[in-house]
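entry_39.cif follows; it contains mmCIF, C-alpha atoms.
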data_structure
loop_
_atom_site.label_atom_id
_atom_site.label_comp_id
_atom_site.auth_asym_id
_atom_site.auth_seq_id
_atom_site.Cartn_x
_atom_site.Cartn_y
_atom_site.Cartn_z
CA MET A 205 -145.05 -25.77 2.28
CA GLU A 206 -145.28 -22.46 0.41
CA PRO A 207 -142.04 -20.50 -0.03
CA ALA A 208 -143.55 -17.32 1.42
CA GLY A 209 -142.37 -17.01 4.99
CA THR A 210 -140.55 -20.36 5.02
CA PRO A 211 -137.21 -19.99 6.82
CA VAL A 212 -134.12 -21.49 5.20
CA VAL A 213 -130.96 -21.97 7.24
CA PHE A 214 -127.74 -22.22 5.23
CA VAL A 215 -124.82 -24.05 6.85
CA HIS A 216 -121.36 -23.78 5.34
CA GLY A 217 -118.57 -26.31 5.61
CA LEU A 218 -114.92 -26.20 6.55
CA TRP A 219 -112.63 -23.51 5.18
CA LEU A 220 -115.43 -21.28 3.89
CA HIS A 221 -116.81 -18.18 5.61
CA TYR A 222 -120.56 -17.88 6.06
CA THR A 223 -120.61 -15.04 3.52
CA SER A 224 -119.99 -17.69 0.86
CA TRP A 225 -123.79 -18.13 0.95
CA ASP A 226 -124.55 -14.48 0.12
CA ASN A 227 -125.70 -15.19 -3.45
CA TRP A 228 -127.98 -17.99 -2.25
CA VAL A 229 -129.46 -15.81 0.49
CA ASP A 230 -130.32 -13.12 -2.04
CA LEU A 231 -131.81 -15.62 -4.50
CA PHE A 232 -133.93 -17.44 -1.91
CA ARG A 233 -135.18 -14.16 -0.49
CA SER A 234 -136.21 -13.04 -3.98
CA THR A 235 -138.27 -16.23 -4.39
CA GLY A 236 -140.20 -15.75 -1.15
CA TYR A 237 -138.18 -17.64 1.44
CA GLU A 238 -136.78 -16.14 4.63
CA PRO A 239 -133.11 -17.16 4.44
CA LEU A 240 -130.34 -16.81 6.98
CA ALA A 241 -126.74 -18.00 6.94
CA PRO A 242 -125.48 -18.00 10.53
CA PRO A 243 -121.78 -18.41 11.35
CA TRP A 244 -120.31 -21.43 13.09
CA PRO A 245 -119.52 -21.09 16.82
CA GLY A 246 -116.68 -18.64 17.28
CA GLU A 247 -116.66 -17.57 13.63
CA PRO A 248 -115.80 -13.88 13.18
CA ALA A 249 -117.93 -11.51 11.14
CA THR A 250 -115.43 -11.13 8.31
CA VAL A 251 -112.93 -13.27 6.43
CA ALA A 252 -110.15 -10.85 7.40
CA GLU A 253 -110.94 -11.21 11.11
CA SER A 254 -111.06 -15.00 10.84
CA ARG A 255 -107.60 -15.05 9.30
CA THR A 256 -106.19 -12.66 11.88
CA ASP A 257 -107.54 -14.54 14.90
CA PRO A 258 -109.00 -18.00 14.19
CA ALA A 259 -108.51 -19.19 17.79
CA PRO A 260 -112.19 -18.77 18.84
CA MET A 261 -113.15 -21.44 16.29
CA ALA A 262 -110.60 -24.00 17.47
CA GLY A 263 -111.76 -27.29 18.95
CA HIS A 264 -115.39 -27.12 17.88
CA GLY A 265 -116.62 -30.50 16.69
CA VAL A 266 -119.62 -31.83 14.82
CA GLY A 267 -121.73 -32.15 17.97
CA GLU A 268 -121.11 -28.58 19.10
CA VAL A 269 -121.78 -27.19 15.64
CA ALA A 270 -124.97 -29.26 15.28
CA ASP A 271 -126.19 -28.08 18.70
CA HIS A 272 -125.40 -24.48 17.72
CA TYR A 273 -127.57 -24.71 14.61
CA ALA A 274 -130.21 -26.68 16.49
CA GLY A 275 -130.61 -23.72 18.80
CA ILE A 276 -131.03 -21.43 15.81
CA ALA A 277 -133.64 -23.72 14.26
CA LYS A 278 -135.61 -24.00 17.51
CA ALA A 279 -135.74 -20.23 17.85
CA LEU A 280 -137.56 -19.83 14.53
CA ALA A 281 -141.35 -19.62 14.35
CA THR A 282 -141.55 -22.66 12.06
CA ARG A 283 -139.24 -25.52 11.26
CA PRO A 284 -136.80 -24.39 8.59
CA VAL A 285 -135.44 -25.98 5.48
CA VAL A 286 -131.74 -26.57 6.12
CA VAL A 287 -129.31 -26.37 3.23
CA GLY A 288 -125.73 -27.36 3.93
CA HIS A 289 -122.54 -27.75 1.94
CA SER A 290 -119.75 -30.19 2.79
CA PHE A 291 -119.68 -30.50 6.61
CA GLY A 292 -122.69 -28.20 6.55
CA GLY A 293 -124.46 -30.94 4.60
CA LEU A 294 -123.66 -33.37 7.40
CA ILE A 295 -125.09 -30.90 9.92
CA ALA A 296 -128.23 -30.59 7.76
CA GLN A 297 -128.76 -34.35 7.94
CA ILE A 298 -128.31 -34.36 11.71
CA LEU A 299 -130.90 -31.61 12.17
CA LEU A 300 -133.31 -33.41 9.84
CA ASP A 301 -132.88 -36.62 11.83
CA ARG A 302 -133.56 -34.71 15.08
CA GLY A 303 -136.85 -33.43 13.65
CA LEU A 304 -135.67 -29.83 13.66
CA ALA A 305 -135.83 -29.33 9.88
CA ALA A 306 -138.84 -29.59 7.62
CA ALA A 307 -136.54 -30.69 4.79
CA ALA A 308 -132.81 -30.79 4.17
CA VAL A 309 -130.44 -30.42 1.26
CA ALA A 310 -126.96 -31.88 1.71
CA ILE A 311 -124.72 -30.55 -1.05
CA ASP A 312 -121.64 -32.74 -1.53
CA ALA A 313 -121.87 -33.55 2.17
CA ALA A 314 -119.14 -34.86 4.43
CA PRO A 315 -119.67 -38.54 5.29
CA ILE A 316 -122.15 -39.66 7.91
CA LYS A 317 -121.22 -42.67 10.06
CA GLY A 318 -121.54 -45.83 8.00
CA VAL A 319 -120.16 -44.43 4.76
CA LEU A 320 -117.25 -46.70 3.88
CA PRO A 321 -115.64 -45.39 0.66
CA LEU A 322 -112.51 -43.33 1.21
CA PRO A 323 -111.39 -42.09 -2.21
CA PHE A 324 -107.77 -41.01 -2.54
CA SER A 325 -108.63 -37.39 -3.37
CA SER A 326 -110.82 -37.06 -0.27
CA LEU A 327 -108.10 -38.58 1.92
CA LYS A 328 -105.55 -36.20 0.41
CA VAL A 329 -107.65 -33.18 1.34
CA ALA A 330 -108.44 -34.46 4.84
CA SER A 331 -104.76 -35.27 5.47
CA ILE A 332 -104.07 -31.53 5.61
CA ALA A 333 -105.48 -31.76 9.13
CA LEU A 334 -105.18 -35.47 9.96
CA ARG A 335 -101.41 -35.74 9.50
CA ASN A 336 -100.84 -34.00 12.84
CA PRO A 337 -102.88 -35.31 15.82
CA ALA A 338 -102.32 -32.01 17.61
CA ASN A 339 -104.56 -30.36 15.03
CA ARG A 340 -107.56 -31.88 16.77
CA THR A 341 -107.71 -28.83 19.03
CA ARG A 342 -106.51 -26.31 16.46
CA THR A 343 -107.70 -24.54 13.36
CA VAL A 344 -106.14 -25.39 10.01
CA ALA A 345 -105.93 -23.17 6.94
CA LEU A 346 -105.62 -24.09 3.27
CA THR A 347 -102.93 -22.72 1.02
CA PRO A 348 -104.04 -21.41 -2.38
CA ASP A 349 -102.71 -24.60 -4.01
CA GLN A 350 -104.58 -26.80 -1.53
CA PHE A 351 -107.77 -24.85 -2.17
CA ARG A 352 -107.28 -25.28 -5.91
CA TYR A 353 -106.95 -29.05 -5.50
CA GLY A 354 -109.74 -29.51 -2.97
CA PHE A 355 -112.32 -26.98 -4.13
CA THR A 356 -111.70 -25.44 -7.54
CA ASN A 357 -110.00 -28.13 -9.63
CA THR A 358 -112.35 -27.49 -12.60
CA ARG A 359 -112.13 -23.70 -12.46
CA THR A 360 -109.56 -21.33 -13.94
CA ALA A 361 -106.56 -20.30 -11.88
CA GLY A 362 -107.89 -16.75 -11.82
CA GLU A 363 -111.31 -17.72 -10.49
CA SER A 364 -109.74 -20.02 -7.92
CA ALA A 365 -107.53 -17.20 -6.62
CA GLU A 366 -110.50 -14.84 -6.45
CA LEU A 367 -112.67 -17.29 -4.51
CA TYR A 368 -109.78 -18.09 -2.17
CA GLU A 369 -109.27 -14.45 -1.27
CA ARG A 370 -112.98 -13.69 -0.92
CA TYR A 371 -114.23 -16.64 1.11
CA THR A 372 -111.60 -18.90 2.68
CA MET A 373 -110.64 -18.95 6.34
CA PRO A 374 -109.00 -21.31 8.84
CA SER A 375 -111.42 -23.86 10.28
CA PRO A 376 -111.46 -26.27 13.21
CA ALA A 377 -109.84 -29.58 12.33
CA ARG A 378 -111.77 -31.63 14.87
CA PRO A 379 -114.70 -32.45 12.52
CA LEU A 380 -112.27 -34.10 10.11
CA PHE A 381 -110.94 -36.35 12.89
CA GLN A 382 -114.49 -37.21 13.93
CA ALA A 383 -115.49 -38.15 10.40
CA ALA A 384 -112.30 -40.13 9.80
CA PHE A 385 -112.80 -42.37 12.84
CA ALA A 386 -116.60 -42.47 12.96
CA ASN A 387 -116.92 -46.08 11.82
CA VAL A 388 -114.91 -47.36 14.81
CA ASN A 389 -116.72 -45.14 17.31
CA PRO A 390 -120.14 -46.36 18.48
CA ASN A 391 -120.97 -42.87 19.74
CA ALA A 392 -119.74 -41.02 16.67
CA ALA A 393 -120.92 -37.42 16.38
CA THR A 394 -121.54 -38.03 12.67
CA LYS A 395 -124.16 -40.72 13.29
CA VAL A 396 -127.70 -40.29 11.94
CA ASP A 397 -130.60 -42.72 11.91
CA THR A 398 -130.81 -43.52 8.22
CA ARG A 399 -133.92 -45.65 8.88
CA ASN A 400 -135.85 -42.70 10.30
CA SER A 401 -139.04 -42.65 8.21
CA ALA A 402 -140.59 -39.83 10.25
CA ARG A 403 -138.12 -37.23 9.00
CA GLY A 404 -138.75 -34.74 6.22
CA PRO A 405 -137.50 -34.98 2.63
CA LEU A 406 -133.76 -35.13 1.98
CA LEU A 407 -131.81 -34.21 -1.15
CA LEU A 408 -128.21 -35.37 -1.44
CA THR A 409 -125.97 -34.06 -4.22
CA SER A 410 -122.83 -35.42 -5.78
CA GLY A 411 -120.17 -33.56 -7.78
CA GLY A 412 -118.54 -35.75 -10.37
CA GLN A 413 -115.24 -33.82 -10.23
CA ASP A 414 -115.30 -33.13 -6.49
CA HIS A 415 -111.95 -33.93 -4.88
CA THR A 416 -112.94 -33.13 -1.28
CA VAL A 417 -116.19 -35.13 -1.17
CA ALA A 418 -115.70 -37.51 -4.05
CA SER A 419 -118.94 -38.73 -5.58
CA ALA A 420 -118.57 -42.19 -4.01
CA ILE A 421 -119.28 -40.62 -0.61
CA PRO A 422 -122.77 -39.15 -1.23
CA ARG A 423 -123.66 -42.20 -3.30
CA ALA A 424 -122.79 -44.44 -0.35
CA ALA A 425 -124.83 -42.22 1.98
CA TYR A 426 -127.79 -42.46 -0.39
CA ARG A 427 -127.62 -46.27 -0.21
CA LEU A 428 -127.66 -46.12 3.59
CA TYR A 429 -131.00 -44.29 3.46
CA ARG A 430 -132.68 -46.90 1.25
CA HIS A 431 -134.53 -48.51 4.19
CA ALA A 432 -136.33 -45.28 5.14
CA ASN A 433 -139.76 -44.56 3.72
CA ALA A 434 -139.14 -40.81 3.80
CA VAL A 435 -138.29 -39.03 0.55
CA THR A 436 -134.59 -39.32 -0.28
CA GLU A 437 -133.16 -38.25 -3.62
CA LEU A 438 -129.67 -38.03 -5.10
CA LYS A 439 -128.84 -35.34 -7.65
CA ASP A 440 -125.62 -35.68 -9.60
CA PHE A 441 -123.72 -32.74 -11.06
CA PRO A 442 -121.23 -34.65 -13.24
CA ASN A 443 -118.86 -31.80 -14.07
CA ARG A 444 -118.82 -29.98 -10.73
CA ASP A 445 -116.09 -29.68 -8.12
CA HIS A 446 -116.38 -28.77 -4.44
CA SER A 447 -116.83 -25.07 -5.15
CA LEU A 448 -120.21 -25.69 -6.75
CA VAL A 449 -122.09 -23.46 -4.28
CA LEU A 450 -119.88 -20.40 -4.76
CA ASN A 451 -118.19 -20.47 -8.16
CA GLY A 452 -119.45 -18.69 -11.24
CA ASP A 453 -121.94 -21.46 -12.04
CA TRP A 454 -123.52 -21.59 -8.58
CA ARG A 455 -126.92 -20.59 -9.95
CA GLU A 456 -127.43 -23.92 -11.74
CA VAL A 457 -127.06 -25.75 -8.44
CA ALA A 458 -129.25 -23.27 -6.57
CA ASP A 459 -132.00 -23.51 -9.20
CA ALA A 460 -131.94 -27.31 -8.94
CA VAL A 461 -132.34 -27.03 -5.17
CA LEU A 462 -135.25 -24.59 -5.53
CA GLU A 463 -136.94 -26.90 -8.02
CA TRP A 464 -136.53 -29.86 -5.68
CA LEU A 465 -137.93 -27.89 -2.75
CA ALA A 466 -140.93 -26.84 -4.84
CA ARG A 467 -141.68 -30.51 -5.57
CA ASN A 468 -141.07 -31.91 -2.12
CA THR A 469 -142.14 -29.30 0.44
CA ALA A 470 -145.57 -28.31 -0.91
#

Could I get this file's structure written as structure tokens?
Amino acid sequence: MEPAGTPVVFVHGLWLHYTSWDNWVDLFRSTGYEPLAPPWPGEPATVAESRTDPAPMAGHGVGEVADHYAGIAKALATRPVVVGHSFGGLIAQILLDRGLAAAAVAIDAAPIKGVLPLPFSSLKVASIALRNPANRTRTVALTPDQFRYGFTNTRTAGESAELYERYTMPSPARPLFQAAFANVNPNAATKVDTRNSARGPLLLTSGGQDHTVASAIPRAAYRLYRHANAVTELKDFPNRDHSLVLNGDWREVADAVLEWLARNTA
């Protein structure tokens, strides 16, 4: 697959606005791809609007979000590459499994069904929503301190505050409940066929300092894919936290993704 004309769909995760992909969109466009970063269902056009009225996003789960992006992928002239971060990385794997993506990149992705490790730091972040069952139908916002712990624990306080103000928004809590209870739900929305050898190439990434998706989670997902003959690779960023797609060093991660795509989508 040549970059020229190849669509790339970027999918963000919880608590980040779709504009958090702006740097990636510009970079991928400059290298010949046709990138787009669509919002989640109900997501307003600006961070300010999302904070003022997050209600339209409430209650959306993994299935609804995956179907939303599936519709976007199907409307394109050719199958896109899907690049997702956090829960967006989970959505990327679902679309790849459905045959709707030519390749997928799951950056520090939320756990698919079958992933068993539950590191303390990841549980601490998820508990922001999980501690109140009523949140299942609500949106939940992060405080600046919670964002610093969950996303920017390796960054300066100043950079963390800047990223918080620029990109964060309330997000639906339902995906966190679905991921938390997936392994006791035979019809879990987070389920993918990890033995699917007909799918396109998949890159998983792991951040060694990530508190939200601790490195044990993508490593466990990588092991689940070992029975598939399709290309599956794991790229570790040992010193990165969960803000690796939007902090000041985002370009290193983006360049690694571009290099992987050049090798695996030709």

Practice problem: Taking the file as shown, find all residues satisfying the PyMOL selection byres ((chain A and resi 393) around 6) and write them as a PyMOL selection string. | Solution: chain A and resi 266-267+392+394-395

Based on the selection just made, write C-alpha atoms of those residues as a PDB file, in the frame of the given file.
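And here's out_34.pdb as it stands now:
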ATOM      1  CA  VAL A 266    -119.620 -31.830  14.820  1.00  0.00           C
ATOM      2  CA  GLY A 267    -121.730 -32.150  17.970  1.00  0.00           C
ATOM      3  CA  ALA A 392    -119.740 -41.020  16.670  1.00  0.00           C
ATOM      4  CA  THR A 394    -121.540 -38.030  12.670  1.00  0.00           C
ATOM      5  CA  LYS A 395    -124.160 -40.720  13.290  1.00  0.00           C
TER       6      LYS A 395
END

Exercise. Please evaluate the PyMOL selection byres ((chain A and resi 282) around 8) against the structure above and give the resulting residues as a list of chain:residue names.
Key: A:Thr210, A:Pro211, A:Leu280, A:Ala281, A:Arg283, A:Pro284

Quiz item: Could you name the residues that touch region 373-389 of chain A at 7 Å or less, counting only C-alpha atoms, but leaving out those on the same chain fewer than 3 positions away, as an MDAnalysis selection string?
Solution: chainID A and resid 218:221 251 254:255 258 261:266 315 317:318 330 333:334 339:345 392:394

Quiz prompt | For CA of Pro321 (chain A) and CA of Gly412 (chain A), the interatomic separation in Å (one decimal) | solution = 14.9 Å

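Residues in contact with Trp244 (chain A) at up to 8 Å, not including ones fewer than 6 positions away on its chain and judged by only C-alpha atoms, are Tyr222, Met261, Val269 and His272 of chain A.
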
Output C-alpha atoms for every residue in the selection just made, as a tab-separated table (two decimals), in the coordinates of the input.
chain	number	residue	atom	x	y	z
A	222	TYR	CA	-120.56	-17.88	6.06
A	261	MET	CA	-113.15	-21.44	16.29
A	269	VAL	CA	-121.78	-27.19	15.64
A	272	HIS	CA	-125.40	-24.48	17.72

Quiz item: Which is closer to Lys439 (chain A) than all the others in A:Arg403, A:Gly303, A:Asp312, A:Thr416, using all atoms listed in the file?
Solution: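 Nearest candidate to Lys439 (chain A) out of A:Arg403, A:Gly303, A:Asp312, A:Thr416: A:Asp312.
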
Practice problem: Compare A:Leu448, A:Leu406, A:Ala418, A:Val309 by their minimum atom-to-atom distance to Asn433 (chain A), counting all atoms listed in the file, and give me the closest one. | Solution: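 Looking only at the distances to Asn433 (chain A), the closest residue turns out to be A:Leu406.
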
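The space between CA of Ala470 (chain A) and CA of Gly217 (chain A) spans 27.8 Å.
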
Self-check item: Residues within 12 Å of (-121.5, -22.2, -8.0), file coords, all atoms listed in the file, listed as JSON, numbers by chain
Solution: {"A": [224, 225, 226, 227, 228, 289, 311, 355, 356, 358, 359, 363, 364, 367, 411, 441, 443, 444, 445, 446, 447, 448, 449, 450, 451, 452, 453, 454, 455, 456, 457, 458, 459, 460]}

Quiz item: What does the distance from CA of Val329 (chain A) to CA of Phe351 (chain A) come to in Å, to one decimal?
Solution: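 It comes out at 9.0 Å.
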
Exercise. Please determine the residues with any atom at most 6 Å from (-140.0, -40.6, 5.5) (coordinates as given in the file, with only C-alpha atoms counting) and report them as a PyMOL selection string.
Key: chain A and resi 401-403+432-435

Self-check item: Nearest-residue call for Thr223 (chain A), choices A:Leu322, A:Gly362, A:Arg370, A:Leu408, using only C-alpha atoms
Solution: A:Arg370

Exercise. Select, from A:Ala249, A:Val212, A:Ile316, A:Leu428, the residue with the minimum atom-to-atom distance to Thr235 (chain A), counting all atoms listed in the file.
Key: A:Val212

Exercise. Might you pull out every residue within 8 Å of region 297-300 of chain A, with all atoms listed in the file counted and same-chain residues fewer than 2 positions away left off, and present them as a VMD selection string?
Key: chain A and resid 270 274 286 293 to 295 302 to 310 394 to 396 403 to 404 406

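Using only C-alpha atoms, the smallest distance between any of A:Ala466, A:Val213, A:Arg423, A:Tyr429 and Leu320 (chain A) comes from A:Arg423.
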